[in-house]
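Scroll down for the structure; my scribbles are underneath it.
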Amino acid sequence: MARSHPQPESGFLLVEFPQEHVILLTLNRPQARNAMHPDLQNDLEMLMDWFEAEPSLWVAIITGAGRGFCAGADLISWDKTGSSNLQTNALKSKNGFGSISLRQCPKPIIAAVNGHAMGGGMEMVLNCDIVVAYEGAKFGLPETQRGVLAIQGGVGDLERAAGRQLASELLLLGRTITAREAHSRFGIVTTVVSNPTDVVPAALELAKKITNASPDAIQATKLGLLMQKRDAIEKRREWVATREVGSVFNGENIKEGLRAFKEKRKPRWTNPAKL
C-alpha cells in the first residue's frame with residue numbers, strides 16, 4: 001500500500017488509506033459545510049493527480065467531514081471577488097470543481113455522500129462512478145436561483161443520467177431532491193444507507209469488490225466509460241464559450257443574485273440582455 005504521499009498544504013483535506021489499494025479523501029471544512037475553498041481545491045488537485053499516477057492505488061473514495069458532503073462554491077466570496085472572470089476560468093479548468101467534476105480519472109471514484117451535496121458539490125458527485133448516500137442527504141443544482149450557472153460539468157452529466165426532462169426539472173426549477181429520489185427517480189445515487197456514519201463503510205465494501213477484480217480490466221473498462229463521454233466534454237466547452245454564458249457572468253442579474261444570497265432576501269431580477 002502506498003504510504004508516502006503529498007501532504008495537503010491546508011487543513012481542509014484529510015488523507016487516509018483505510019484498506020489495501022484504496023485512498024479516502026475527506027473534505028474538512030465542516031463549519032462551512034465543506035464549501036470549496038481555493039486551498040482545498042489545490043489540495044484535491046495535488047492528491048488526485050498523485051492517486052492517478054500511483055500504481056498501488058486502485059480506487060478513490062471522496063467524502064465530507066461533519067454533516068455535509070459539499071455545499072458547493074462560497075457564493076459570498078464570489079460576490080467579493082467579482083464574477084467577470086468565471087467564464088474564462090471555466091474554459092481553462094481541466095478537472096473542474098473540486099478537481100473532480102470534469103476529471104477524466106482512469107481509476108474508479110466512489111462518492112460517500114454523508115450530507116447535502118449542492119451546486120458544485122453535486123457536480124462532483126455526478127462525475128463519480130459509484131455514489132453511496134445517506135438517506136438524509138439532499139442534492140441540488142440551485143445556481144439559476146442565484147443568477148449563476150452549473151458550469152463545471154453538471155448540466156451534461158445530469159442530462160445523460162436522468163434524461164432531458166428530469167434534468168430540466170432540477171436545473172430550471174432549482175429543485176432540491178432527497179437521496180432516495182436521486183436513487184429511484186434520477187438514477188444518480190447507486191446505494192442509499194440509513195445512517196450518515198454508514199456511508200464510508202458501505203463505500204469501502206464496494207471498493208473491496210472492485211479491488212478483488214483485475215485492476216487492468218477495471219481500468220480498461222473505466223476507459224471505455226470515459227470514451228463514451230468525449231463528445232460531451234467538447235459540447236460542454238462549446239457551451240461555456242458562448243456569448244449567452246458570457247452575458248450571464250458579465251450581467252447585472254448575477255450581481256443581484258449574489259447580493260440577495262448574502263443579504264438573505266429574494267432577488268430582484270431585471271430583464272436579460274437581448275440574445
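All residue names refer to the C-alpha cells as shown: chains lettered A, B, ... in order, residues numbered from 1 in each chain, ligands numbered from 1 in order.
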Can you tell me which residues surround Gly154 in chain A at a distance of at most 9 Å, considering only C-alpha atoms, apart from same-chain residues fewer than 2 positions away, and format the answer as a PDB file with C-alpha atoms, in the first residue's frame?
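Result saved to part.pdb:
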ATOM      1  CA  SER A 101     -16.363  17.353 -11.653  1.00  0.00           C
ATOM      2  CA  LEU A 102     -14.564  17.279 -15.030  1.00  0.00           C
ATOM      3  CA  GLY A 119     -24.132  23.157  -6.624  1.00  0.00           C
ATOM      4  CA  GLY A 120     -20.525  22.270  -7.361  1.00  0.00           C
ATOM      5  CA  MET A 122     -23.414  17.829  -6.728  1.00  0.00           C
ATOM      6  CA  GLU A 123     -21.368  18.336  -9.899  1.00  0.00           C
ATOM      7  CA  MET A 124     -18.549  16.435  -8.185  1.00  0.00           C
ATOM      8  CA  LEU A 126     -22.278  13.412 -10.842  1.00  0.00           C
ATOM      9  CA  ASN A 127     -18.797  12.668 -12.200  1.00  0.00           C
ATOM     10  CA  LEU A 141     -28.192  22.480  -8.594  1.00  0.00           C
ATOM     11  CA  ALA A 150     -23.827  24.910 -13.207  1.00  0.00           C
ATOM     12  CA  ILE A 151     -20.861  25.328 -15.492  1.00  0.00           C
ATOM     13  CA  GLN A 152     -18.471  22.638 -14.229  1.00  0.00           C
ATOM     14  CA  GLY A 156     -24.324  17.396 -19.252  1.00  0.00           C
ATOM     15  CA  ASP A 157     -23.781  14.747 -16.584  1.00  0.00           C
ATOM     16  CA  LEU A 158     -27.288  15.193 -15.196  1.00  0.00           C
ATOM     17  CA  GLU A 159     -28.904  15.134 -18.649  1.00  0.00           C
TER      18      GLU A 159
END
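Close contacts of Leu223 in chain A, defined as residues with an atom at most 9 Å away when counting only C-alpha atoms, with chain neighbours fewer than 5 positions off set aside, comprise Gln104, Cys105, Pro106, Lys107, Ile218 and Gln228 of chain A.
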Task: Separation of CA of Val148 in chain A from CA of Ala241 in chain A in Å - done: 15.0 Å
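Between CA of Thr191 in chain A and CA of Glu135 in chain A the interatomic distance comes to 9.4 Å.
CA of Val248 in chain A lies 8.1 Å from CA of Leu149 in chain A.
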TODO: Return as a count of residues only the full set of residues in range 65-233 of chain A whose backbone-based DSSP assignment is alpha helix (DSSP H).
DONE: 76
Task: Non-local contacts of Pro215 in chain A (10 Å; only C-alpha atoms; under 4 positions in same chain excluded) as a PyMOL selection string - done: chain A and resi 21+55-59+107+210-211+219-221
Any idea what's packed within 7 Å of range 170-186 of chain A, counting only C-alpha atoms, ignoring anything in its chain fewer than 2 positions away? Could you give it as a short mmCIF file (atom, residue, chain, number, x, y, z; two decimals) with C-alpha atoms, in the first residue's frame?
data_model
loop_
_atom_site.label_atom_id
_atom_site.label_comp_id
_atom_site.auth_asym_id
_atom_site.auth_seq_id
_atom_site.Cartn_x
_atom_site.Cartn_y
_atom_site.Cartn_z
CA ALA A 133 -25.58 8.41 0.02
CA TYR A 134 -27.08 8.85 3.46
CA GLU A 135 -30.87 8.89 3.18
CA GLY A 136 -30.99 12.33 4.83
CA ALA A 137 -28.67 13.87 2.25
CA LYS A 138 -30.06 16.38 -0.23
CA PHE A 139 -28.93 17.07 -3.78
CA GLY A 140 -29.47 20.17 -5.89
CA LEU A 141 -28.19 22.48 -8.59
CA PRO A 142 -29.78 25.77 -7.47
CA GLU A 143 -27.47 28.01 -9.48
CA THR A 144 -30.17 29.62 -11.64
CA GLN A 145 -31.93 30.79 -8.47
CA ALA A 162 -31.63 11.35 -15.82
CA LEU A 166 -35.79 15.35 -15.26
CA ALA A 167 -32.55 17.29 -15.70
CA SER A 168 -34.59 20.35 -16.64
CA ILE A 188 -27.62 9.35 -9.81
CA VAL A 189 -27.27 7.54 -6.47
CA THR A 190 -26.43 3.84 -6.56
CA VAL A 192 -28.78 4.57 -0.03
#
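If you measure from each of A:Pro8, A:Gly163, A:His37, A:Lys94 to Leu25 in chain A using only C-alpha atoms, the closest one turns out to be A:Pro8.
Compared by their closest atoms to Ala111 in chain A, and using only C-alpha atoms, the residues A:Thr26, A:Gln165, A:Asn271, A:Thr197 rank with A:Thr26 nearest.
Residues in contact with Ala203 in chain A at 7 Å, where only C-alpha atoms are counted and same-chain residues fewer than 3 positions away are skipped, are listed as Ile110, Ala112, Val132, Val199, Val200, Leu206 and Ala207 of chain A.
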Write a file of the selected residues as a PDB file, in the first residue's frame, keeping N, CA, C and O atoms.
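Ended up saving to selection06.pdb:
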ATOM      1  N   ILE A 110     -15.435   6.686  -5.934  1.00  0.00           N
ATOM      2  CA  ILE A 110     -16.698   6.468  -5.219  1.00  0.00           C
ATOM      3  C   ILE A 110     -16.984   7.694  -4.367  1.00  0.00           C
ATOM      4  O   ILE A 110     -16.127   8.142  -3.602  1.00  0.00           O
ATOM      5  N   ALA A 112     -18.921   9.071  -1.224  1.00  0.00           N
ATOM      6  CA  ALA A 112     -19.604   8.661   0.000  1.00  0.00           C
ATOM      7  C   ALA A 112     -20.275   9.903   0.560  1.00  0.00           C
ATOM      8  O   ALA A 112     -19.673  10.683   1.298  1.00  0.00           O
ATOM      9  N   VAL A 132     -22.649   6.391  -2.993  1.00  0.00           N
ATOM     10  CA  VAL A 132     -23.327   5.925  -1.787  1.00  0.00           C
ATOM     11  C   VAL A 132     -23.792   7.163  -1.036  1.00  0.00           C
ATOM     12  O   VAL A 132     -23.015   8.091  -0.822  1.00  0.00           O
ATOM     13  N   VAL A 199     -21.976   5.601   5.426  1.00  0.00           N
ATOM     14  CA  VAL A 199     -21.638   5.833   4.019  1.00  0.00           C
ATOM     15  C   VAL A 199     -20.224   5.383   3.694  1.00  0.00           C
ATOM     16  O   VAL A 199     -19.993   4.755   2.650  1.00  0.00           O
ATOM     17  N   VAL A 200     -19.256   5.696   4.549  1.00  0.00           N
ATOM     18  CA  VAL A 200     -17.878   5.296   4.260  1.00  0.00           C
ATOM     19  C   VAL A 200     -17.708   3.784   4.353  1.00  0.00           C
ATOM     20  O   VAL A 200     -17.116   3.176   3.449  1.00  0.00           O
ATOM     21  N   LEU A 206     -17.820  -1.612  -1.282  1.00  0.00           N
ATOM     22  CA  LEU A 206     -17.854  -1.579  -2.741  1.00  0.00           C
ATOM     23  C   LEU A 206     -16.444  -1.498  -3.313  1.00  0.00           C
ATOM     24  O   LEU A 206     -16.126  -2.142  -4.318  1.00  0.00           O
ATOM     25  N   ALA A 207     -15.594  -0.703  -2.661  1.00  0.00           N
ATOM     26  CA  ALA A 207     -14.206  -0.599  -3.115  1.00  0.00           C
ATOM     27  C   ALA A 207     -13.505  -1.954  -3.027  1.00  0.00           C
ATOM     28  O   ALA A 207     -12.705  -2.306  -3.904  1.00  0.00           O
TER      29      ALA A 207
END
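If you measure from each of A:Gly147, A:Arg29, A:Trp239, A:Ser194 to Trp269 in chain A using only C-alpha atoms, the closest one turns out to be A:Gly147.
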- [ ] Step one, run DSSP on the backbone; step two, keep only residues of range 155-260 of chain A assigned to strand (DSSP E or B); then write them as a PyMOL selection string.
- [x] chain A and resi 176-178+191-193
Take the residues from that selection and write them out as an mmCIF file, in the first residue's frame, keeping N, CA, C and O atoms.
data_model
loop_
_atom_site.group_PDB
_atom_site.id
_atom_site.type_symbol
_atom_site.label_atom_id
_atom_site.label_comp_id
_atom_site.auth_asym_id
_atom_site.auth_seq_id
_atom_site.Cartn_x
_atom_site.Cartn_y
_atom_site.Cartn_z
ATOM 1 N N THR A 176 -34.404 20.882 -4.957
ATOM 2 C CA THR A 176 -33.561 20.052 -4.111
ATOM 3 C C THR A 176 -34.261 18.714 -3.933
ATOM 4 O O THR A 176 -35.467 18.666 -3.668
ATOM 5 N N ILE A 177 -33.527 17.617 -4.087
ATOM 6 C CA ILE A 177 -34.122 16.287 -4.003
ATOM 7 C C ILE A 177 -33.443 15.471 -2.915
ATOM 8 O O ILE A 177 -32.305 15.733 -2.522
ATOM 9 N N THR A 178 -34.161 14.475 -2.426
ATOM 10 C CA THR A 178 -33.632 13.587 -1.402
ATOM 11 C C THR A 178 -32.733 12.529 -2.036
ATOM 12 O O THR A 178 -32.766 12.297 -3.252
ATOM 13 N N THR A 191 -26.482 3.596 -4.134
ATOM 14 C CA THR A 191 -26.807 2.923 -2.874
ATOM 15 C C THR A 191 -27.218 3.963 -1.842
ATOM 16 O O THR A 191 -26.555 4.995 -1.689
ATOM 17 N N VAL A 192 -28.313 3.683 -1.099
ATOM 18 C CA VAL A 192 -28.777 4.565 -0.025
ATOM 19 C C VAL A 192 -28.631 3.832 1.293
ATOM 20 O O VAL A 192 -29.029 2.667 1.422
ATOM 21 N N VAL A 193 -28.054 4.517 2.297
ATOM 22 C CA VAL A 193 -27.899 3.925 3.628
ATOM 23 C C VAL A 193 -28.663 4.780 4.638
ATOM 24 O O VAL A 193 -28.930 5.959 4.404
#
